[in-house]
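Colleague: Contents of final_1.txt (compact mmCIF, C-alpha atoms and all ligand atoms) are given next:
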```
# COMPACT_ATOMS: atom_id res chain seq x y z
CA MET Z 1 21.67 -19.36 13.72
CA ALA Z 2 18.19 -20.04 12.29
CA GLN Z 3 17.38 -18.54 8.96
CA LYS Z 4 14.91 -15.69 8.73
CA LEU Z 5 12.08 -15.05 6.33
CA LEU Z 6 12.70 -12.14 4.01
CA ILE Z 7 9.41 -10.70 2.77
CA ASP Z 8 9.87 -8.30 -0.11
CA MET Z 9 6.88 -5.95 0.06
CA MET Z 10 8.05 -4.14 -3.06
CA LYS Z 11 7.95 -7.33 -5.12
CA ILE Z 12 4.63 -8.34 -3.58
CA ARG Z 13 3.08 -5.05 -4.68
CA GLU Z 14 4.54 -5.46 -8.17
CA ALA Z 15 3.13 -9.00 -8.39
CA MET Z 16 -0.29 -7.79 -7.29
CA VAL Z 17 -0.29 -5.00 -9.88
CA ARG Z 18 0.63 -7.54 -12.59
CA ASP Z 19 -2.07 -9.97 -11.48
CA SER Z 20 -5.02 -8.53 -9.55
CA THR Z 21 -6.42 -12.02 -8.88
CA ILE Z 22 -3.55 -12.90 -6.52
CA VAL Z 23 -4.74 -13.66 -2.99
CA LEU Z 24 -1.87 -13.27 -0.57
CA PRO Z 25 -1.41 -16.03 1.98
CA GLU Z 26 -1.31 -14.88 5.56
CA ALA Z 27 1.35 -15.72 8.08
CA LEU Z 28 0.79 -15.49 11.78
CA PHE Z 29 2.61 -16.14 14.98
CA TYR Z 30 0.75 -17.93 17.74
CA PRO Z 31 0.27 -16.15 19.98
CA SER Z 32 0.89 -12.72 18.54
CA GLY Z 33 3.41 -10.88 20.68
CA ASN Z 34 1.84 -7.66 19.53
CA SER Z 35 -1.72 -7.58 20.75
CA ASN Z 36 -4.77 -9.35 22.02
CA GLY Z 37 -5.20 -11.61 19.07
CA LEU Z 38 -3.75 -12.93 15.90
CA LYS Z 39 -2.12 -10.54 13.52
CA SER Z 40 -1.04 -11.14 9.99
CA ILE Z 41 2.53 -10.29 9.09
CA CYS Z 42 1.06 -7.90 6.56
CA GLU Z 43 -0.79 -5.90 9.21
CA LEU Z 44 2.24 -5.70 11.47
CA THR Z 45 4.38 -4.64 8.52
CA VAL Z 46 2.04 -1.95 7.31
CA PHE Z 47 1.64 -0.32 10.72
CA ARG Z 48 5.37 -0.51 11.36
CA PHE Z 49 6.75 0.56 7.99
CA THR Z 50 4.06 2.17 5.81
CA CYS Z 51 1.92 4.11 8.29
CA ARG Z 52 2.87 7.82 8.46
CA ARG Z 53 2.30 7.87 12.22
CA CYS Z 54 0.03 10.94 11.98
CA GLU Z 55 0.25 13.12 15.07
CA ASP Z 56 -3.52 13.46 15.52
CA ALA Z 57 -4.21 10.14 13.88
CA PRO Z 58 -7.63 10.30 12.19
CA CYS Z 59 -7.85 6.52 12.21
CA ILE Z 60 -7.79 6.55 16.02
CA SER Z 61 -10.38 9.33 16.38
CA VAL Z 62 -12.80 7.81 13.87
CA CYS Z 63 -12.73 4.33 15.41
CA PRO Z 64 -16.08 3.76 17.15
CA ALA Z 65 -14.70 0.91 19.23
CA GLU Z 66 -11.50 2.53 20.55
CA ALA Z 67 -9.67 -0.37 18.98
CA LEU Z 68 -6.67 1.56 17.68
CA GLU Z 69 -3.87 2.74 19.92
CA LYS Z 70 -0.41 4.20 19.42
CA ASP Z 71 2.55 2.78 21.27
CA ASP Z 72 5.49 4.79 22.59
CA GLU Z 73 7.11 4.78 19.15
CA GLY Z 74 3.94 6.05 17.46
CA ILE Z 75 3.19 2.66 15.94
CA ILE Z 76 -0.49 1.87 15.69
CA THR Z 77 -1.81 -1.33 17.21
CA ARG Z 78 -5.26 -2.69 16.43
CA HIS Z 79 -6.84 -4.51 19.33
CA THR Z 80 -8.56 -7.33 17.52
CA ASN Z 81 -10.82 -8.09 20.47
CA LEU Z 82 -12.33 -4.59 20.24
CA CYS Z 83 -12.34 -4.05 16.47
CA VAL Z 84 -15.79 -4.45 14.91
CA SER Z 85 -14.47 -4.41 11.34
CA CYS Z 86 -16.39 -1.29 10.34
CA LYS Z 87 -13.42 -0.17 8.20
CA SER Z 88 -13.93 3.51 9.04
CA CYS Z 89 -10.19 3.69 9.67
CA VAL Z 90 -9.45 2.39 6.17
CA THR Z 91 -11.70 5.03 4.63
CA ILE Z 92 -10.36 7.97 6.62
CA CYS Z 93 -6.62 7.23 6.39
CA PRO Z 94 -5.31 9.93 4.02
CA PHE Z 95 -2.44 7.71 2.90
CA GLY Z 96 -4.36 4.54 2.11
CA THR Z 97 -2.20 2.75 4.62
CA MET Z 98 -4.58 0.04 5.75
CA MET Z 99 -5.85 -2.85 3.72
CA THR Z 100 -9.33 -4.25 4.05
CA ASP Z 101 -7.74 -7.72 4.31
CA PHE Z 102 -6.88 -6.96 7.93
CA PHE Z 103 -10.48 -7.07 9.00
CA ARG Z 104 -11.63 -10.42 7.75
CA HIS Z 105 -13.35 -12.35 10.52
CA HIS Z 106 -13.36 -15.60 8.63
CA ARG Z 107 -9.90 -16.30 7.39
CA ASN Z 108 -9.22 -18.88 4.71
CA LYS Z 109 -7.48 -21.58 6.73
CA ASP Z 110 -5.89 -22.98 3.56
CA LEU Z 111 -4.01 -19.72 3.21
CA LEU Z 112 -3.10 -19.23 6.85
CA TYR Z 113 0.30 -20.35 8.09
CA ASN Z 114 1.79 -20.49 11.57
CA LEU Z 115 5.39 -19.36 11.29
CA GLU Z 116 6.32 -21.05 14.55
CA ASN Z 117 6.16 -24.28 12.55
CA VAL Z 118 9.02 -24.95 10.09
CA ASP Z 119 6.84 -26.98 7.68
CA GLU Z 120 4.20 -24.28 7.61
CA MET Z 121 6.83 -21.65 7.03
CA GLU Z 122 7.97 -23.54 3.92
CA LYS Z 123 4.39 -23.86 2.72
CA PHE Z 124 3.89 -20.14 3.26
CA ILE Z 125 6.94 -19.38 1.10
CA ASN Z 126 5.62 -21.61 -1.68
CA ALA Z 127 2.16 -20.05 -1.47
CA CYS Z 128 3.49 -16.50 -1.92
CA PRO Z 129 4.06 -15.06 -5.40
CA PRO Z 130 7.37 -16.52 -6.71
CA GLY Z 131 10.47 -14.69 -5.51
CA THR Z 132 8.66 -12.47 -3.02
CA VAL Z 133 9.46 -14.44 0.14
CA THR Z 134 12.77 -16.21 0.71
CA LEU Z 135 14.87 -17.59 3.55
CA THR Z 136 18.04 -15.71 4.39
CA ASP Z 137 21.03 -15.82 6.73
CA ASP Z 138 21.32 -12.05 6.48
CA ASP Z 139 20.23 -9.52 9.04
CA GLU Z 140 18.71 -6.06 8.95
CA SER Z 141 20.33 -3.90 6.30
CA PRO Z 142 18.82 -0.40 6.02
CA GLU Z 143 20.98 0.48 3.00
CA LYS Z 144 19.14 -2.29 1.14
CA ASN Z 145 15.74 -1.26 2.60
CA ILE Z 146 15.70 -4.41 4.71
CA TYR Z 147 14.37 -4.03 8.24
CA ARG Z 148 13.74 -6.38 11.12
CA LEU Z 149 10.11 -7.05 12.01
CA ASN Z 150 10.94 -9.60 14.67
CA ASP Z 151 13.41 -12.43 15.39
CA LYS Z 152 12.14 -14.48 12.46
CA VAL Z 153 11.10 -11.98 9.84
CA LEU Z 154 12.87 -9.33 7.78
CA ILE Z 155 10.86 -6.93 5.63
CA LYS Z 156 12.11 -5.24 2.49
CA GLU Z 157 10.17 -2.01 2.17
CA TYR Z 158 10.59 1.71 1.60
CA LEU Z 159 10.71 3.12 5.10
CA TYR Z 160 8.63 6.19 5.85
CA ILE Z 161 10.75 8.53 7.97
CA THR Z 162 9.29 11.52 9.75
CA GLU Z 163 11.18 14.80 10.01
CA LYS Z 164 11.70 14.23 13.73
CA GLU Z 165 13.59 11.03 12.95
S1 LIG J 201 -12.28 -1.38 11.40
FE1 LIG J 201 -11.82 -1.78 13.56
S2 LIG J 201 -10.03 -0.52 14.00
FE2 LIG J 201 -10.95 0.29 12.10
S3 LIG J 201 -12.34 1.93 12.77
FE3 LIG J 201 -13.56 0.04 12.63
S4 LIG J 201 -13.50 -0.82 14.69
FE4 LIG J 201 -11.85 0.69 14.57
S1 LIG J 202 -4.38 7.78 9.49
FE1 LIG J 202 -3.26 6.26 8.27
S2 LIG J 202 -1.16 7.03 8.14
FE2 LIG J 202 -2.21 8.17 9.78
S3 LIG J 202 -1.70 7.06 11.67
FE3 LIG J 202 -3.64 6.22 10.91
S4 LIG J 202 -3.05 4.47 9.61
FE4 LIG J 202 -1.23 5.70 9.92
```
If you convert what's in this file into structure tokens, what do you get?
Ligand code: SF4
Ligand code: SF4
Modeller:
Amino acid sequence: MAQKLLIDMMKIREAMVRDSTIVLPEALFYPSGNSNGLKSICELTVFRFTCRRCEDAPCISVCPAEALEKDDEGIITRHTNLCVSCKSCVTICPFGTMMTDFFRHHRNKDLLYNLENVDEMEKFINACPPGTVTLTDDDESPEKNIYRLNDKVLIKEYLYITEKE
């Protein structure tokens, strides 16, 4: 079975607190299975694991372009073809969930990796802060805060759980 990427969001945050000049590389799948455009792993991770899934989501109501939508599980999707990068959603989110990095139109191609390609995956690992992204044979393991993002990526993150769950 192919190895998976394990992205440790806790360690990434720690590294960024230690060194505020760090620019995180971005990893994408082509095409994104999630929406009408390319999505960074970071954006998918944040909406899946960090977002509080507000019932009357202020980010959705403030969006002037109707670019944000909730799926059946309450996970927000940003339609990149509609988003005009105004960042109103970033400002209004009471939990500081979204990062302004999501809305860059001009991505730095030197820091953009296609995870469908094994060589690029290795380069992505090497471009991330040391020890934050590794390859693993393991699978999802909630007791270790490790969750599956997709077939190729595991995310280590504190999971926000609503009372309903
Ligand atoms: S940045 Fe995009 S998704 Fe956010 S409010 Fe503006 S148009 Fe909507
Ligand atoms: S306002 Fe913030 S926490 Fe609430 S649904 Fe939107 S992104 Fe998630």
Colleague: When you look at stretch 132-138 of chain Z with a cut-off of 9 Å (counting all atoms listed in the file), what residues show up, excluding the ones that are within fewer than 2 positions of it in the same chain? I need them as a PyMOL selection string.
Modeller: chain Z and resi 1-12+15+124-126+128-130+140-141+154
Colleague: Go through Z:Cys42, Z:Val17, Z:Cys63, Z:Ala27 and flag the residue nearest ligand LIG 201 (chain J), using only C-alpha atoms and all ligand atoms for the distances.
Modeller: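 Ranked by minimum distance to ligand LIG 201 (chain J), first place goes to Z:Cys63.
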Colleague: Go through chain Z and flag each residue having an atom no more than 9 Å from ligand LIG 202 (chain J); for those, report the closest pair of atoms plus their distance in Å to one decimal, using all atoms listed in the file, ordered by chain and rising number, as a tab-separated table.
Modeller:
```
residue	atom	partner	partner_atom	distance
Z:Val46	CA	J:LIG202	S4	8.5
Z:Phe47	CA	J:LIG202	FE4	6.7
Z:Thr50	CA	J:LIG202	S2	7.5
Z:Cys51	CA	J:LIG202	FE4	3.9
Z:Arg52	CA	J:LIG202	S2	4.1
Z:Arg53	CA	J:LIG202	S3	4.1
Z:Cys54	CA	J:LIG202	FE2	4.2
Z:Glu55	CA	J:LIG202	S3	7.2
Z:Asp56	CA	J:LIG202	S3	7.7
Z:Ala57	CA	J:LIG202	S3	4.5
Z:Pro58	CA	J:LIG202	S1	4.9
Z:Cys59	CA	J:LIG202	FE3	4.4
Z:Ile60	CA	J:LIG202	FE3	6.6
Z:Leu68	CA	J:LIG202	FE3	8.8
Z:Lys70	CA	J:LIG202	S3	8.4
Z:Gly74	CA	J:LIG202	S3	8.1
Z:Ile75	CA	J:LIG202	S3	7.8
Z:Ile76	CA	J:LIG202	S3	6.7
Z:Cys89	CA	J:LIG202	S1	7.1
Z:Val90	CA	J:LIG202	S4	7.6
Z:Ile92	CA	J:LIG202	S1	6.6
Z:Cys93	CA	J:LIG202	S1	3.9
Z:Pro94	CA	J:LIG202	S1	6.0
Z:Phe95	CA	J:LIG202	S2	5.4
Z:Gly96	CA	J:LIG202	FE1	6.5
Z:Thr97	CA	J:LIG202	FE1	5.2
Z:Met98	CA	J:LIG202	S4	6.1
```
Colleague: Nearest to ligand LIG 201 (chain J) among Z:Thr45, Z:Thr21, Z:Asn81, Z:Ser88, with distances taken over only C-alpha atoms and all ligand atoms: which residue is it?
Modeller: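 Closest to ligand LIG 201 (chain J), using only C-alpha atoms and all ligand atoms: Z:Ser88.
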Colleague: So, with all atoms listed in the file as the atoms that count, which of Z:Tyr158, Z:Val84, Z:Ile41, Z:Asp72 lies closest to Z:Ile146?
Modeller: Z:Tyr158
Colleague: Could you check which of Z:Leu115, Z:Leu159, Z:Leu44, Z:Ala65 is closest to ligand LIG 201 (chain J), using all atoms listed in the file?
Modeller: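 Ranking Z:Leu115, Z:Leu159, Z:Leu44, Z:Ala65 by distance to ligand LIG 201 (chain J), first place goes to Z:Ala65.
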Colleague: Using only C-alpha atoms and all ligand atoms, pick whichever of Z:Val153, Z:Val62, Z:Met121, Z:Leu112 has the shortest atom-to-atom distance to ligand LIG 201 (chain J).
Modeller: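 Checking each candidate against ligand LIG 201 (chain J), we get Z:Val62 as the closest.
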Colleague: So how many Å separate atom CA of Z:Glu43 and atom CA of Z:Arg13, to one decimal?
Modeller: 14.4 Å
Colleague: What's the separation between atom S1 of ligand LIG 201 (chain J) and atom CA of Z:Glu66, in Å to one decimal place?
Modeller: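 It comes out at 10.0 Å.
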Colleague: Rounded to one decimal in Å, what is the spacing between atom CA of Z:Ala127 and atom CA of Z:Met16?
Modeller: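 Value for the atom CA of Z:Ala127-atom CA of Z:Met16 distance: 13.8 Å.
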Colleague: Using all atoms listed in the file, can you tell me which of Z:Cys83, Z:Asp71, Z:Ser40, Z:Ile22 comes closest to Z:Asn114?
Modeller: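 Among the listed residues, Z:Ser40 lies closest to Z:Asn114.
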Colleague: Emit as JSON the padded axis-aligned box for all listed atoms of ligand LIG 201 (chain J), 6 Å per side, with centre and edge lengths in Å to one decimal.
Modeller:
```
{"center_x": -11.8, "center_y": 0.1, "center_z": 13.0, "size_x": 15.5, "size_y": 15.7, "size_z": 15.3}
```
Colleague: Please, can stretch 126-146 of chain Z be completed to N, CA and C atoms and returned as a short mmCIF file (atom, residue, chain, number, x, y, z; two decimals), in the coordinates of the input?
Modeller:
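The result, written out as selection.cif:
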```
data_model
loop_
_atom_site.label_atom_id
_atom_site.label_comp_id
_atom_site.auth_asym_id
_atom_site.auth_seq_id
_atom_site.Cartn_x
_atom_site.Cartn_y
_atom_site.Cartn_z
N ASN Z 126 6.06 -21.09 -0.38
CA ASN Z 126 5.62 -21.61 -1.68
C ASN Z 126 4.28 -21.03 -2.11
N ALA Z 127 3.48 -20.59 -1.13
CA ALA Z 127 2.16 -20.05 -1.47
C ALA Z 127 2.22 -18.57 -1.88
N CYS Z 128 3.34 -17.92 -1.57
CA CYS Z 128 3.49 -16.50 -1.92
C CYS Z 128 3.89 -16.38 -3.40
N PRO Z 129 3.63 -15.24 -4.01
CA PRO Z 129 4.06 -15.06 -5.40
C PRO Z 129 5.56 -15.37 -5.52
N PRO Z 130 5.97 -16.08 -6.58
CA PRO Z 130 7.37 -16.52 -6.71
C PRO Z 130 8.37 -15.38 -6.51
N GLY Z 131 9.39 -15.66 -5.70
CA GLY Z 131 10.47 -14.69 -5.51
C GLY Z 131 10.18 -13.59 -4.52
N THR Z 132 8.98 -13.57 -3.94
CA THR Z 132 8.66 -12.47 -3.02
C THR Z 132 9.06 -12.77 -1.58
N VAL Z 133 9.10 -14.06 -1.23
CA VAL Z 133 9.46 -14.44 0.14
C VAL Z 133 10.54 -15.51 0.07
N THR Z 134 11.64 -15.27 0.75
CA THR Z 134 12.77 -16.21 0.71
C THR Z 134 13.30 -16.41 2.13
N LEU Z 135 14.17 -17.40 2.28
CA LEU Z 135 14.87 -17.59 3.55
C LEU Z 135 16.26 -16.98 3.42
N THR Z 136 16.73 -16.36 4.48
CA THR Z 136 18.04 -15.71 4.39
C THR Z 136 18.82 -15.88 5.69
N ASP Z 137 20.15 -15.84 5.55
CA ASP Z 137 21.03 -15.82 6.73
C ASP Z 137 21.36 -14.39 7.11
N ASP Z 138 20.96 -13.45 6.26
CA ASP Z 138 21.32 -12.05 6.48
C ASP Z 138 20.53 -11.45 7.64
N ASP Z 139 20.92 -10.24 7.97
CA ASP Z 139 20.23 -9.52 9.04
C ASP Z 139 19.74 -8.18 8.49
N GLU Z 140 19.20 -7.37 9.37
CA GLU Z 140 18.71 -6.06 8.95
C GLU Z 140 19.79 -5.31 8.18
N SER Z 141 19.38 -4.62 7.13
CA SER Z 141 20.33 -3.90 6.30
C SER Z 141 19.64 -2.68 5.69
N PRO Z 142 19.56 -1.58 6.46
CA PRO Z 142 18.82 -0.40 6.02
C PRO Z 142 19.25 0.11 4.65
N GLU Z 143 20.54 -0.03 4.31
CA GLU Z 143 20.98 0.48 3.00
C GLU Z 143 20.35 -0.30 1.85
N LYS Z 144 19.86 -1.51 2.17
CA LYS Z 144 19.14 -2.29 1.14
C LYS Z 144 17.63 -2.26 1.38
N ASN Z 145 17.17 -1.35 2.25
CA ASN Z 145 15.74 -1.26 2.60
C ASN Z 145 15.24 -2.52 3.28
N ILE Z 146 16.11 -3.19 4.01
CA ILE Z 146 15.70 -4.41 4.71
C ILE Z 146 15.70 -4.14 6.22
#
```
